[in-house]
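First the structure, in the form of structure tokens, and then the observations on it.
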Number of protein chains: 2
Amino acid sequence: MTPALPQPTRAELAILRVLWKLGPCTVRQVHESLRDTQDKDTGYTTVLKLLQNMTEKGLVQRDESERTHVYEAALSEKRTQRDLLRDLMDRAFGGSATTLVAQALSMKRASAEELAEIRKLLDEHEKRGK
Amino acid sequence: MTPALPQPTRAELAILRVLWKLGPCTVRQVHESLRDTQDKDTGYTTVLKLLQNMTEKGLVQRDESERTHVYEAALSEKRTQRDLLRDLMDRAFGGSATTLVAQALSMKRASAEELAEIRKLLDEHEKRGK
DNA sequence: CGACATCTACGACGCTCGTCGTTGACACTT
DNA sequence: AAGTGTCAACGACGAGCGTCGTAGATGTCG
């Protein structure tokens, strides 16, 4: 089992999303990508500090072979999503996946394509269970 | 539209879960219920302080007509779950309900009953969309 | 009445998080 | 060599959170 890293905070998760999308990045690349995506814009040194903290925690890995360091997400997007979802499920849904899915469906009037997609997932899941 | 209260923190959510389960409670009742459920146990004044903070934020409503105040959750459990799920969906899943549901399913090898339940939800949801 | 329990209120502390200013190292240009 | 720009590192700050000690008000029982 992987050692269960600390949960990323909001700001950290925003950075991870950039790393997942772009792959390994310098601080500057992350900063500029955030500038594009984000509403509020974050100072360069803030992003740097965040990335340093995340290195400390093990959320990212740093390549310092060059003067300009390159950061990379330590965990996959899927894995992190699962961890976060698991946490929320325990904290707010009493561990019930069913309730969680129900809320997810009722929340968003899911589009027809989405519904079909989910149905397909269900089928595959069931098949695998056999 | 309801004014979108601040998100409850971890500790606050634990308290809300007690209030949802037991209905309106005194501080002492909440404290003791937490003592039962929780691993780590929280001091009485801590719970009191938390509830005072939550009153400040509007997360709970306080009846102070009696000397011993009675607290009640301001928002329904469902509503809060939706808010939290929406937030996580935006922050970690790029707003995709499908991805979220997929992860929820893959996370827990859902039991047969759960799968059937979810399928039923899907049907109802589709019908309602018509 | 007086002692004791119960409850709320107030203030403090330690911690984490996000933010930034500043500094010093390194590189490039002229 | 001097000037300019980029970068990582460090330290600081303010806010929010969870924790608690203590004080002060109010009730209860002898």
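Ordering of the structure tokens sets the chain letters (A, B, ...), residue numbers begin anew at 1 in every chain, and ligands are numbered from 1 in the order given.
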
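Residue list for chain C within 12 Å of chain B: DT6, DC7, DT8, DA9, DC10 and DG11 of chain C, counting only C-alpha atoms (C1' of nucleotides).
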
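With the cut-off set to 10 Å and only C-alpha atoms (C1' of nucleotides) counted, chain D residues close to chain A are DT6, DC7, DA8 and DA9 of chain D.
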
Include all heavy atoms and write out the residues we just selected as a compact mmCIF listing (two decimals), in the first residue's frame.
```txt
# COMPACT_ATOMS: atom_id res chain seq x y z
P DT D 6 13.07 38.65 -16.48
OP1 DT D 6 12.27 38.34 -17.68
OP2 DT D 6 12.54 39.51 -15.41
O5' DT D 6 13.50 37.26 -15.84
C5' DT D 6 14.37 36.40 -16.57
C4' DT D 6 14.87 35.30 -15.67
O4' DT D 6 15.84 35.82 -14.74
C3' DT D 6 13.76 34.66 -14.82
O3' DT D 6 13.87 33.25 -14.93
C2' DT D 6 14.09 35.13 -13.41
C1' DT D 6 15.60 35.26 -13.47
N1 DT D 6 16.22 36.14 -12.46
C2 DT D 6 17.23 35.66 -11.70
O2 DT D 6 17.66 34.54 -11.79
N3 DT D 6 17.75 36.57 -10.78
C4 DT D 6 17.34 37.87 -10.58
O4 DT D 6 17.88 38.57 -9.73
C5 DT D 6 16.27 38.31 -11.42
C7 DT D 6 15.74 39.71 -11.29
C6 DT D 6 15.76 37.45 -12.32
P DC D 7 12.60 32.35 -14.53
OP1 DC D 7 12.48 31.28 -15.52
OP2 DC D 7 11.45 33.25 -14.25
O5' DC D 7 13.06 31.71 -13.15
C5' DC D 7 14.20 30.83 -13.16
C4' DC D 7 14.83 30.76 -11.79
O4' DC D 7 15.28 32.07 -11.41
C3' DC D 7 13.88 30.37 -10.67
O3' DC D 7 13.91 28.95 -10.50
C2' DC D 7 14.47 31.07 -9.44
C1' DC D 7 15.50 32.02 -10.02
N1 DC D 7 15.39 33.41 -9.49
C2 DC D 7 16.26 33.83 -8.48
O2 DC D 7 17.10 33.03 -8.04
N3 DC D 7 16.16 35.08 -8.00
C4 DC D 7 15.23 35.91 -8.50
N4 DC D 7 15.17 37.15 -8.00
C5 DC D 7 14.33 35.50 -9.53
C6 DC D 7 14.45 34.25 -9.99
P DA D 8 12.91 28.25 -9.50
OP1 DA D 8 12.69 26.88 -10.00
OP2 DA D 8 11.77 29.16 -9.29
O5' DA D 8 13.74 28.17 -8.15
C5' DA D 8 15.00 27.51 -8.16
C4' DA D 8 15.72 27.74 -6.84
O4' DA D 8 15.89 29.16 -6.61
C3' DA D 8 15.00 27.18 -5.62
O3' DA D 8 15.96 26.56 -4.78
C2' DA D 8 14.39 28.42 -4.97
C1' DA D 8 15.34 29.53 -5.37
N9 DA D 8 14.69 30.82 -5.58
C8 DA D 8 13.64 31.10 -6.41
N7 DA D 8 13.29 32.36 -6.41
C5 DA D 8 14.16 32.95 -5.52
C6 DA D 8 14.31 34.27 -5.09
N6 DA D 8 13.53 35.29 -5.51
N1 DA D 8 15.29 34.54 -4.19
C2 DA D 8 16.07 33.52 -3.78
N3 DA D 8 16.03 32.23 -4.13
C4 DA D 8 15.04 32.02 -5.01
P DA D 9 15.47 25.85 -3.42
OP1 DA D 9 16.44 24.76 -3.11
OP2 DA D 9 14.03 25.56 -3.54
O5' DA D 9 15.67 26.99 -2.33
C5' DA D 9 16.99 27.44 -2.05
C4' DA D 9 16.94 28.53 -1.00
O4' DA D 9 16.28 29.69 -1.56
C3' DA D 9 16.17 28.16 0.27
O3' DA D 9 17.05 28.31 1.37
C2' DA D 9 15.01 29.17 0.32
C1' DA D 9 15.50 30.31 -0.56
N9 DA D 9 14.45 31.04 -1.25
C8 DA D 9 13.53 30.53 -2.14
N7 DA D 9 12.71 31.43 -2.62
C5 DA D 9 13.11 32.61 -2.02
C6 DA D 9 12.64 33.94 -2.12
N6 DA D 9 11.62 34.30 -2.89
N1 DA D 9 13.27 34.88 -1.39
C2 DA D 9 14.31 34.51 -0.61
N3 DA D 9 14.84 33.30 -0.44
C4 DA D 9 14.19 32.39 -1.18
```

Minimum-distance residue to Gln29 of chain A, chosen among A:Met54, A:Leu5, A:Val70, A:Leu88 (using only C-alpha atoms): A:Val70

As a PyMOL selection string, please: every residue in segment 30-120 of chain A that DSSP puts in helix (DSSP H, G or I). chain A and resi 30-37+44-57+77-93+97-107+112-120

Check every residue of chain A for an atom within 7 Å of chain B, counting only C-alpha atoms, and provide those that qualify as a PyMOL selection string. chain A and resi 81-82+92+97-98+101-104+107+114+118+121

In segment 10-101 of chain A, what's strand (DSSP E) per DSSP? Answer as a list in words? Val60, Gln61, Arg62, Asp63, Val70, Tyr71, Glu72 and Ala73 of chain A

Residue contacts of DC20 of chain D (9 Å, only C-alpha atoms (C1' of nucleotides)) excluding same-chain residues fewer than 3 positions away, as a PyMOL selection string: (chain B and resi 43+45-46) or (chain C and resi 12-13)

Could you please take those selected residues and save all heavy atoms as a tab-separated table (two decimals), in the first residue's frame?
```
chain	number	residue	atom	x	y	z
B	43	GLY	N	-12.99	18.21	24.04
B	43	GLY	CA	-13.44	18.81	25.28
B	43	GLY	C	-14.79	19.50	25.14
B	43	GLY	O	-15.18	19.89	24.05
B	45	THR	N	-15.77	22.43	26.23
B	45	THR	CA	-15.70	23.84	25.81
B	45	THR	C	-15.32	23.97	24.34
B	45	THR	O	-15.69	24.93	23.70
B	45	THR	CB	-14.68	24.62	26.65
B	45	THR	OG1	-13.44	23.93	26.65
B	45	THR	CG2	-15.17	24.80	28.06
B	46	THR	N	-14.60	23.00	23.84
B	46	THR	CA	-14.28	23.02	22.42
B	46	THR	C	-15.55	22.92	21.59
B	46	THR	O	-15.77	23.69	20.66
B	46	THR	CB	-13.34	21.86	22.07
B	46	THR	OG1	-12.14	22.00	22.84
B	46	THR	CG2	-12.99	21.88	20.60
C	12	DA	P	-6.27	38.01	25.56
C	12	DA	OP1	-5.49	38.93	26.41
C	12	DA	OP2	-6.73	38.42	24.21
C	12	DA	O5'	-5.44	36.66	25.41
C	12	DA	C5'	-5.16	35.90	26.58
C	12	DA	C4'	-4.71	34.52	26.18
C	12	DA	O4'	-5.85	33.81	25.65
C	12	DA	C3'	-3.66	34.53	25.08
C	12	DA	O3'	-2.41	34.13	25.63
C	12	DA	C2'	-4.17	33.53	24.04
C	12	DA	C1'	-5.39	32.90	24.69
C	12	DA	N9	-6.52	32.66	23.78
C	12	DA	C8	-7.30	33.60	23.18
C	12	DA	N7	-8.25	33.10	22.42
C	12	DA	C5	-8.06	31.73	22.53
C	12	DA	C6	-8.73	30.64	21.96
C	12	DA	N6	-9.78	30.77	21.15
C	12	DA	N1	-8.29	29.41	22.27
C	12	DA	C2	-7.24	29.29	23.09
C	12	DA	N3	-6.53	30.23	23.69
C	12	DA	C4	-7.00	31.45	23.37
C	13	DC	P	-1.08	34.11	24.78
C	13	DC	OP1	0.03	34.39	25.70
C	13	DC	OP2	-1.30	34.96	23.59
C	13	DC	O5'	-0.96	32.60	24.29
C	13	DC	C5'	-1.31	31.54	25.16
C	13	DC	C4'	-1.27	30.25	24.37
C	13	DC	O4'	-2.53	30.04	23.72
C	13	DC	C3'	-0.20	30.26	23.29
C	13	DC	O3'	0.62	29.12	23.40
C	13	DC	C2'	-1.00	30.30	21.99
C	13	DC	C1'	-2.32	29.66	22.38
C	13	DC	N1	-3.48	30.15	21.57
C	13	DC	C2	-4.32	29.21	20.95
C	13	DC	O2	-4.08	28.01	21.09
C	13	DC	N3	-5.37	29.65	20.21
C	13	DC	C4	-5.60	30.96	20.09
C	13	DC	N4	-6.65	31.34	19.37
C	13	DC	C5	-4.77	31.92	20.71
C	13	DC	C6	-3.73	31.48	21.44
```

When you draw a straight line from atom C1' of DA5 of chain C to atom C1' of DT28 of chain D, how long is it in Å? 7.9 Å

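You can rank B:Thr9, B:Trp20, B:Ser33, B:Tyr44 by their closest distance to DC17 of chain D using only C-alpha atoms (C1' of nucleotides), and at the top of that list sits B:Thr9.
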
DT22 of chain C: which residues within 12 Å, counting only C-alpha atoms (C1' of nucleotides), same-chain residues fewer than 2 positions away excluded, as number ranges by chain? A: 45; C: 20, 24; D: 9-12

Please, what distance in Å, to one decimal, runs between atom CA of Leu34 of chain A and atom CA of Pro8 of chain A? 16.4 Å
